[in-house]
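Source file: run08.cif. Holds: mmCIF, C-alpha atoms.
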data_work
#
loop_
_atom_site.group_PDB
_atom_site.id
_atom_site.type_symbol
_atom_site.label_atom_id
_atom_site.label_comp_id
_atom_site.auth_asym_id
_atom_site.auth_seq_id
_atom_site.Cartn_x
_atom_site.Cartn_y
_atom_site.Cartn_z
ATOM 1 C CA MET K 1 0.000 0.000 0.000
ATOM 2 C CA LYS K 2 1.429 3.355 -1.106
ATOM 3 C CA PRO K 3 1.182 6.418 1.138
ATOM 4 C CA ASP K 4 -0.982 9.201 -0.269
ATOM 5 C CA LEU K 5 1.564 12.039 -0.693
ATOM 6 C CA THR K 6 -1.162 14.642 -1.125
ATOM 7 C CA LYS K 7 -2.676 13.776 2.278
ATOM 8 C CA ILE K 8 0.767 13.845 3.913
ATOM 9 C CA PHE K 9 1.505 17.227 2.307
ATOM 10 C CA TYR K 10 -1.775 18.737 3.565
ATOM 11 C CA LEU K 11 -1.225 17.232 7.019
ATOM 12 C CA LEU K 12 2.227 18.863 7.193
ATOM 13 C CA ILE K 13 0.827 22.228 6.079
ATOM 14 C CA ALA K 14 -1.976 22.035 8.667
ATOM 15 C CA THR K 15 0.536 21.157 11.412
ATOM 16 C CA PHE K 16 2.766 24.101 10.410
ATOM 17 C CA VAL K 17 -0.164 26.545 10.398
ATOM 18 C CA LEU K 18 -1.362 25.330 13.795
ATOM 19 C CA ALA K 19 2.136 25.567 15.306
ATOM 20 C CA THR K 20 2.564 29.088 13.913
ATOM 21 C CA GLN K 21 -0.791 30.181 15.335
ATOM 22 C CA ILE K 22 0.019 28.781 18.772
ATOM 23 C CA SER K 23 3.440 30.464 18.888
ATOM 24 C CA CYS K 24 1.936 33.805 17.783
ATOM 25 C CA ASP K 25 -0.724 33.539 20.482
ATOM 26 C CA LEU K 26 1.992 33.098 23.098
ATOM 27 C CA LEU K 27 3.550 36.479 22.234
ATOM 28 C CA GLU K 28 2.096 39.416 24.102
ATOM 29 C CA GLU K 29 0.608 42.018 21.800
ATOM 30 C CA ASP K 30 1.794 44.939 23.963
ATOM 31 C CA GLU K 31 5.294 43.606 24.474
ATOM 32 C CA GLU K 32 7.855 46.353 23.875
ATOM 33 C CA PRO K 33 10.938 45.628 21.828
ATOM 34 C CA PRO K 34 14.203 45.986 23.738
ATOM 35 C CA PRO K 35 15.615 49.508 23.938
ATOM 36 C CA PRO K 36 18.242 50.674 21.441
ATOM 37 C CA THR K 37 21.795 50.051 22.647
ATOM 38 C CA THR K 38 24.141 51.755 20.162
ATOM 39 C CA PRO K 39 25.529 55.171 21.217
ATOM 40 C CA ILE K 40 24.493 58.052 18.970
ATOM 41 C CA PHE K 41 28.123 59.062 18.323
ATOM 42 C CA SER K 42 30.754 56.729 16.907
ATOM 43 C CA GLY K 43 34.054 56.092 18.630
ATOM 44 C CA VAL K 44 32.797 56.778 22.163
ATOM 45 C CA GLU K 45 32.085 54.722 25.263
ATOM 46 C CA LYS K 46 28.459 53.958 26.091
ATOM 47 C CA ILE K 47 26.335 55.764 28.663
ATOM 48 C CA GLU K 48 23.597 53.427 29.850
ATOM 49 C CA LEU K 49 20.080 54.860 29.886
ATOM 50 C CA GLN K 50 17.924 53.536 32.721
ATOM 51 C CA ALA K 51 14.491 55.132 32.321
ATOM 52 C CA PRO K 52 11.926 55.857 31.106
ATOM 53 C CA TRP K 53 11.547 52.559 29.232
ATOM 54 C CA PRO K 54 9.253 51.532 27.632
ATOM 55 C CA PRO K 55 8.814 54.931 26.000
ATOM 56 C CA PRO K 56 6.020 56.824 27.743
ATOM 57 C CA SER K 57 3.062 58.244 25.875
ATOM 58 C CA ASP K 58 1.218 60.776 27.987
ATOM 59 C CA THR K 59 0.349 64.445 28.417
ATOM 60 C CA TRP K 60 3.270 66.838 28.941
ATOM 61 C CA SER K 61 1.793 67.719 32.319
ATOM 62 C CA ASN K 62 2.009 64.097 33.474
ATOM 63 C CA ILE K 63 5.418 63.547 31.877
ATOM 64 C CA SER K 64 6.953 66.705 33.344
ATOM 65 C CA ASN K 65 5.569 65.965 36.804
ATOM 66 C CA ASN K 66 6.286 62.235 36.924
ATOM 67 C CA ILE K 67 9.142 61.313 34.585
ATOM 68 C CA SER K 68 12.868 61.465 35.232
ATOM 69 C CA PHE K 69 15.410 60.833 32.526
ATOM 70 C CA GLN K 70 17.742 58.374 34.246
ATOM 71 C CA PHE K 71 21.218 57.433 33.077
ATOM 72 C CA ASP K 72 24.455 55.943 34.337
ATOM 73 C CA VAL K 73 27.398 58.260 33.611
ATOM 74 C CA PRO K 74 30.910 56.945 34.365
ATOM 75 C CA ILE K 75 32.980 58.923 36.868
ATOM 76 C CA ALA K 76 35.535 59.883 34.182
ATOM 77 C CA VAL K 77 32.906 62.086 32.515
ATOM 78 C CA GLU K 78 33.255 65.684 33.712
ATOM 79 C CA TYR K 79 30.556 67.463 31.707
ATOM 80 C CA VAL K 80 27.204 65.909 30.716
ATOM 81 C CA VAL K 81 24.465 67.037 28.300
ATOM 82 C CA LEU K 82 20.898 65.707 28.076
ATOM 83 C CA ALA K 83 19.197 66.715 24.820
ATOM 84 C CA LEU K 84 15.597 66.500 23.593
ATOM 85 C CA PHE K 85 14.926 66.595 19.826
ATOM 86 C CA THR K 86 11.735 66.703 17.739
ATOM 87 C CA THR K 87 13.185 64.223 15.208
ATOM 88 C CA ASN K 88 15.717 61.419 15.297
ATOM 89 C CA ILE K 89 19.102 62.716 16.400
ATOM 90 C CA ASP K 90 21.248 62.751 13.266
ATOM 91 C CA VAL K 91 25.019 62.619 13.592
ATOM 92 C CA SER K 92 28.097 62.342 11.454
ATOM 93 C CA GLY K 93 30.990 60.988 13.485
ATOM 94 C CA LYS K 94 30.880 63.141 16.613
ATOM 95 C CA THR K 95 28.831 66.023 15.183
ATOM 96 C CA ILE K 96 25.076 66.575 15.417
ATOM 97 C CA THR K 97 23.854 67.367 11.915
ATOM 98 C CA ASN K 98 20.319 68.482 12.817
ATOM 99 C CA PRO K 99 20.746 71.035 15.636
ATOM 100 C CA GLN K 100 17.635 72.847 14.358
ATOM 101 C CA ASP K 101 15.596 69.939 15.783
ATOM 102 C CA TRP K 102 17.180 70.235 19.254
ATOM 103 C CA VAL K 103 14.459 71.867 21.357
ATOM 104 C CA ALA K 104 15.381 71.358 24.992
ATOM 105 C CA GLY K 105 17.582 69.701 27.571
ATOM 106 C CA ASN K 106 19.846 70.326 30.504
ATOM 107 C CA ARG K 107 23.529 70.017 31.323
ATOM 108 C CA SER K 108 26.118 69.960 34.062
ATOM 109 C CA GLY K 109 26.057 73.177 36.074
ATOM 110 C CA LEU K 110 22.417 74.103 35.463
ATOM 111 C CA THR K 111 19.525 73.989 37.906
ATOM 112 C CA GLY K 112 17.902 70.595 38.297
ATOM 113 C CA PHE K 113 20.686 68.602 36.617
ATOM 114 C CA SER K 114 22.350 65.609 38.205
ATOM 115 C CA SER K 115 24.836 63.203 36.684
ATOM 116 C CA SER K 116 22.372 60.329 37.093
ATOM 117 C CA SER K 117 18.933 61.807 36.416
ATOM 118 C CA THR K 118 17.047 64.913 35.408
ATOM 119 C CA ARG K 119 13.331 65.421 35.819
ATOM 120 C CA ALA K 120 11.381 66.380 32.708
ATOM 121 C CA ASP K 121 10.248 69.567 34.459
ATOM 122 C CA ASN K 122 13.923 70.633 34.652
ATOM 123 C CA LEU K 123 14.420 70.843 30.883
ATOM 124 C CA PHE K 124 15.197 74.237 29.374
ATOM 125 C CA PRO K 125 14.705 75.476 25.784
ATOM 126 C CA PHE K 126 17.779 75.093 23.585
ATOM 127 C CA ASP K 127 19.040 78.336 22.009
ATOM 128 C CA MET K 128 20.725 77.667 18.636
ATOM 129 C CA VAL K 129 22.371 81.103 18.583
ATOM 130 C CA SER K 130 24.241 80.667 21.885
ATOM 131 C CA GLY K 131 24.493 76.876 21.572
ATOM 132 C CA ASP K 132 23.292 76.561 25.162
ATOM 133 C CA PHE K 133 20.096 76.216 27.150
ATOM 134 C CA ASP K 134 18.039 79.335 27.860
ATOM 135 C CA THR K 135 17.362 79.228 31.592
ATOM 136 C CA SER K 136 15.978 82.782 31.627
ATOM 137 C CA SER K 137 12.800 81.848 29.731
ATOM 138 C CA GLY K 138 11.678 79.167 32.199
ATOM 139 C CA ASN K 139 11.235 75.475 31.693
ATOM 140 C CA TYR K 140 10.534 73.905 28.321
ATOM 141 C CA ALA K 141 6.955 73.130 27.253
ATOM 142 C CA PRO K 142 6.223 71.548 23.867
ATOM 143 C CA SER K 143 3.949 73.276 21.391
ATOM 144 C CA PRO K 144 1.386 71.697 19.026
ATOM 145 C CA PRO K 145 0.809 69.639 16.985
ATOM 146 C CA PHE K 146 0.057 66.714 19.265
ATOM 147 C CA PRO K 147 0.660 63.854 19.537
ATOM 148 C CA GLN K 148 4.360 64.494 19.089
ATOM 149 C CA THR K 149 7.299 62.125 19.514
ATOM 150 C CA PHE K 150 10.525 63.408 21.020
ATOM 151 C CA TYR K 151 13.936 61.750 20.970
ATOM 152 C CA TRP K 152 16.485 62.100 23.743
ATOM 153 C CA ALA K 153 20.054 61.136 24.458
ATOM 154 C CA VAL K 154 22.872 61.923 26.872
ATOM 155 C CA TRP K 155 26.531 62.522 26.082
ATOM 156 C CA GLY K 156 29.597 63.496 28.053
ATOM 157 C CA TYR K 157 33.017 65.090 27.828
ATOM 158 C CA ASP K 158 36.223 64.390 29.711
ATOM 159 C CA GLN K 159 38.186 66.984 31.704
ATOM 160 C CA TRP K 160 39.861 68.255 28.513
ATOM 161 C CA GLY K 161 36.564 68.816 26.667
ATOM 162 C CA ASN K 162 36.773 65.728 24.463
ATOM 163 C CA LEU K 163 33.520 63.948 23.629
ATOM 164 C CA THR K 164 34.135 60.523 25.158
ATOM 165 C CA HIS K 165 30.754 59.010 26.038
ATOM 166 C CA ALA K 166 27.232 58.864 24.617
ATOM 167 C CA SER K 167 23.985 57.006 25.088
ATOM 168 C CA PRO K 168 21.662 55.499 22.534
ATOM 169 C CA GLN K 169 18.622 57.514 21.497
ATOM 170 C CA TRP K 170 15.319 56.805 23.247
ATOM 171 C CA SER K 171 11.912 58.377 22.666
ATOM 172 C CA LEU K 172 8.750 59.563 24.378
ATOM 173 C CA THR K 173 5.423 60.738 23.006
ATOM 174 C CA VAL K 174 3.515 63.772 24.226
ATOM 175 C CA THR K 175 -0.204 63.334 23.560
ATOM 176 C CA ASN K 176 -1.153 66.937 24.463
ATOM 177 C CA PRO K 177 -0.134 69.673 26.898
#
Can you turn what I pasted into structure tokens?
Amino acid sequence: MKPDLTKIFYLLIATFVLATQISCDLLEEDEEPPPPTTPIFSGVEKIELQAPWPPPSDTWSNISNNISFQFDVPIAVEYVVLALFTTNIDVSGKTITNPQDWVAGNRSGLTGFSSSSTRADNLFPFDMVSGDFDTSSGNYAPSPPFPQTFYWAVWGYDQWGNLTHASPQWSLTVTNP
């Protein structure tokens, strides 16, 4: 008696489809992918970002009152910058190529900054003319349209002013003010 190859073929296809369905059902729909791990600048050591992950999506009021940007900066880093952009942070080597999209942040020496975390309500507008944060105009607040996704990263310089460390880029979404 010869085996019916057509029946065996259909049985194998049915088994494959069933196994695929079961494995897909086991995955959680809301499961976040792992955070990015590559530093934004090339040729630097990595600064580990700690939070917020997964990326929050909330009103700016809730984010600024409840979220801290947390990071682990090595002791060799003397000067640290946290930057918030309206688009992906674009770089070439160790240079930011889209500074026009840099809207806010904080740095070593300014109010509310620490070398391990900075609350969202301690971000200041970035002034492209001076290349620094404008602390005189108060804290940063995003403007419409909403929802809006922001991208943030941290980088640091050694005691001689050399860019030596950087984090990957993470994001957050502001749903409205």
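Note that the spacing between atom CA of K:Trp155 and atom CA of K:Pro142 amounts to 22.3 Å.
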**Report entry** Nearby residues (all atoms listed in the file) at most 9 Å from K:Ser167, same-chain spacing under 6 positions excluded, as a PyMOL selection string
**Finding:** chain K and resi 37-41+45-49+71+153-155
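Selection by the PyMOL selection byres ((chain K and resi 117) around 10) on the present file picks out Leu49, Gln50, Ala51, Ile67, Ser68, Phe69, Gln70, Phe71, Asp72, Val73, Leu82, Gly112, Phe113, Ser114, Ser115, Ser116, Thr118, Arg119 and Ala120 of chain K.
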Write out the residues from the selection above, keeping C-alpha atoms, as a short mmCIF file (atom, residue, chain, number, x, y, z; two decimals), keeping the file's coordinate frame.
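Generated file (out12.cif):
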data_model
loop_
_atom_site.label_atom_id
_atom_site.label_comp_id
_atom_site.auth_asym_id
_atom_site.auth_seq_id
_atom_site.Cartn_x
_atom_site.Cartn_y
_atom_site.Cartn_z
CA LEU K 49 20.08 54.86 29.89
CA GLN K 50 17.92 53.54 32.72
CA ALA K 51 14.49 55.13 32.32
CA ILE K 67 9.14 61.31 34.58
CA SER K 68 12.87 61.46 35.23
CA PHE K 69 15.41 60.83 32.53
CA GLN K 70 17.74 58.37 34.25
CA PHE K 71 21.22 57.43 33.08
CA ASP K 72 24.46 55.94 34.34
CA VAL K 73 27.40 58.26 33.61
CA LEU K 82 20.90 65.71 28.08
CA GLY K 112 17.90 70.60 38.30
CA PHE K 113 20.69 68.60 36.62
CA SER K 114 22.35 65.61 38.20
CA SER K 115 24.84 63.20 36.68
CA SER K 116 22.37 60.33 37.09
CA THR K 118 17.05 64.91 35.41
CA ARG K 119 13.33 65.42 35.82
CA ALA K 120 11.38 66.38 32.71
#
Query raised in the report: Hey, can you check how far atom CA of K:Pro34 sits from atom CA of K:Pro99?
Result: 27.1 Å
Report task. I would like the residues chosen by the PyMOL selection byres ((chain K and resi 176) around 12) on the shown file; could you give them as a ChimeraX atom specification? Result -> /K:57-63,141-149,173-175,177
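Compared by their closest atoms to K:Thr164, and using all atoms listed in the file, the residues K:Pro56, K:Glu31, K:Asp121, K:Lys94 rank with K:Lys94 nearest.
Of note, atom CA of K:Asp132 and atom CA of K:Leu110 are spaced 10.6 Å apart.
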**Report entry** Residues near K:Leu123, cut-off 7 Å, all atoms listed in the file, skip fewer than 3 positions along chain, as number ranges by chain
**Finding:** K: 104-106, 120, 139-140
Report task. Kindly provide, as a ChimeraX atom specification, the polymer residues lying within 10 Å of (14.8, 71.5, 21.8), counting only C-alpha atoms and using the coordinates exactly as they appear in the file. Result -> /K:83-87,99-105,123-128,133,140-142,150-152
Query raised in the report: Using only C-alpha atoms, which of K:Gly109, K:Pro35, K:Gly161, K:Gly43 sits nearest K:Ser92?
Result: K:Gly43
Can I get stretch 149-160 of chain K with N, CA and C atoms filled in, as a tab-separated table (two decimals), keeping the file's coordinate frame?
chain	number	residue	atom	x	y	z
K	149	THR	N	6.26	62.99	18.97
K	149	THR	CA	7.30	62.12	19.51
K	149	THR	C	8.60	62.91	19.62
K	150	PHE	N	9.24	62.77	20.76
K	150	PHE	CA	10.52	63.41	21.02
K	150	PHE	C	11.58	62.33	21.19
K	151	TYR	N	12.81	62.68	20.88
K	151	TYR	CA	13.94	61.75	20.97
K	151	TYR	C	14.97	62.37	21.90
K	152	TRP	N	15.53	61.55	22.79
K	152	TRP	CA	16.48	62.10	23.74
K	152	TRP	C	17.71	61.21	23.87
K	153	ALA	N	18.79	61.84	24.26
K	153	ALA	CA	20.05	61.14	24.46
K	153	ALA	C	20.90	61.95	25.43
K	154	VAL	N	21.94	61.31	25.93
K	154	VAL	CA	22.87	61.92	26.87
K	154	VAL	C	24.28	61.71	26.32
K	155	TRP	N	25.13	62.72	26.44
K	155	TRP	CA	26.53	62.52	26.08
K	155	TRP	C	27.41	63.28	27.05
K	156	GLY	N	28.70	62.91	27.08
K	156	GLY	CA	29.60	63.50	28.05
K	156	GLY	C	31.00	63.73	27.53
K	157	TYR	N	31.67	64.67	28.20
K	157	TYR	CA	33.02	65.09	27.83
K	157	TYR	C	33.97	64.83	28.99
K	158	ASP	N	35.21	64.58	28.66
K	158	ASP	CA	36.22	64.39	29.71
K	158	ASP	C	36.72	65.75	30.21
K	159	GLN	N	37.69	65.74	31.10
K	159	GLN	CA	38.19	66.98	31.70
K	159	GLN	C	38.86	67.93	30.71
K	160	TRP	N	39.24	67.43	29.53
K	160	TRP	CA	39.86	68.26	28.51
K	160	TRP	C	38.87	68.72	27.45
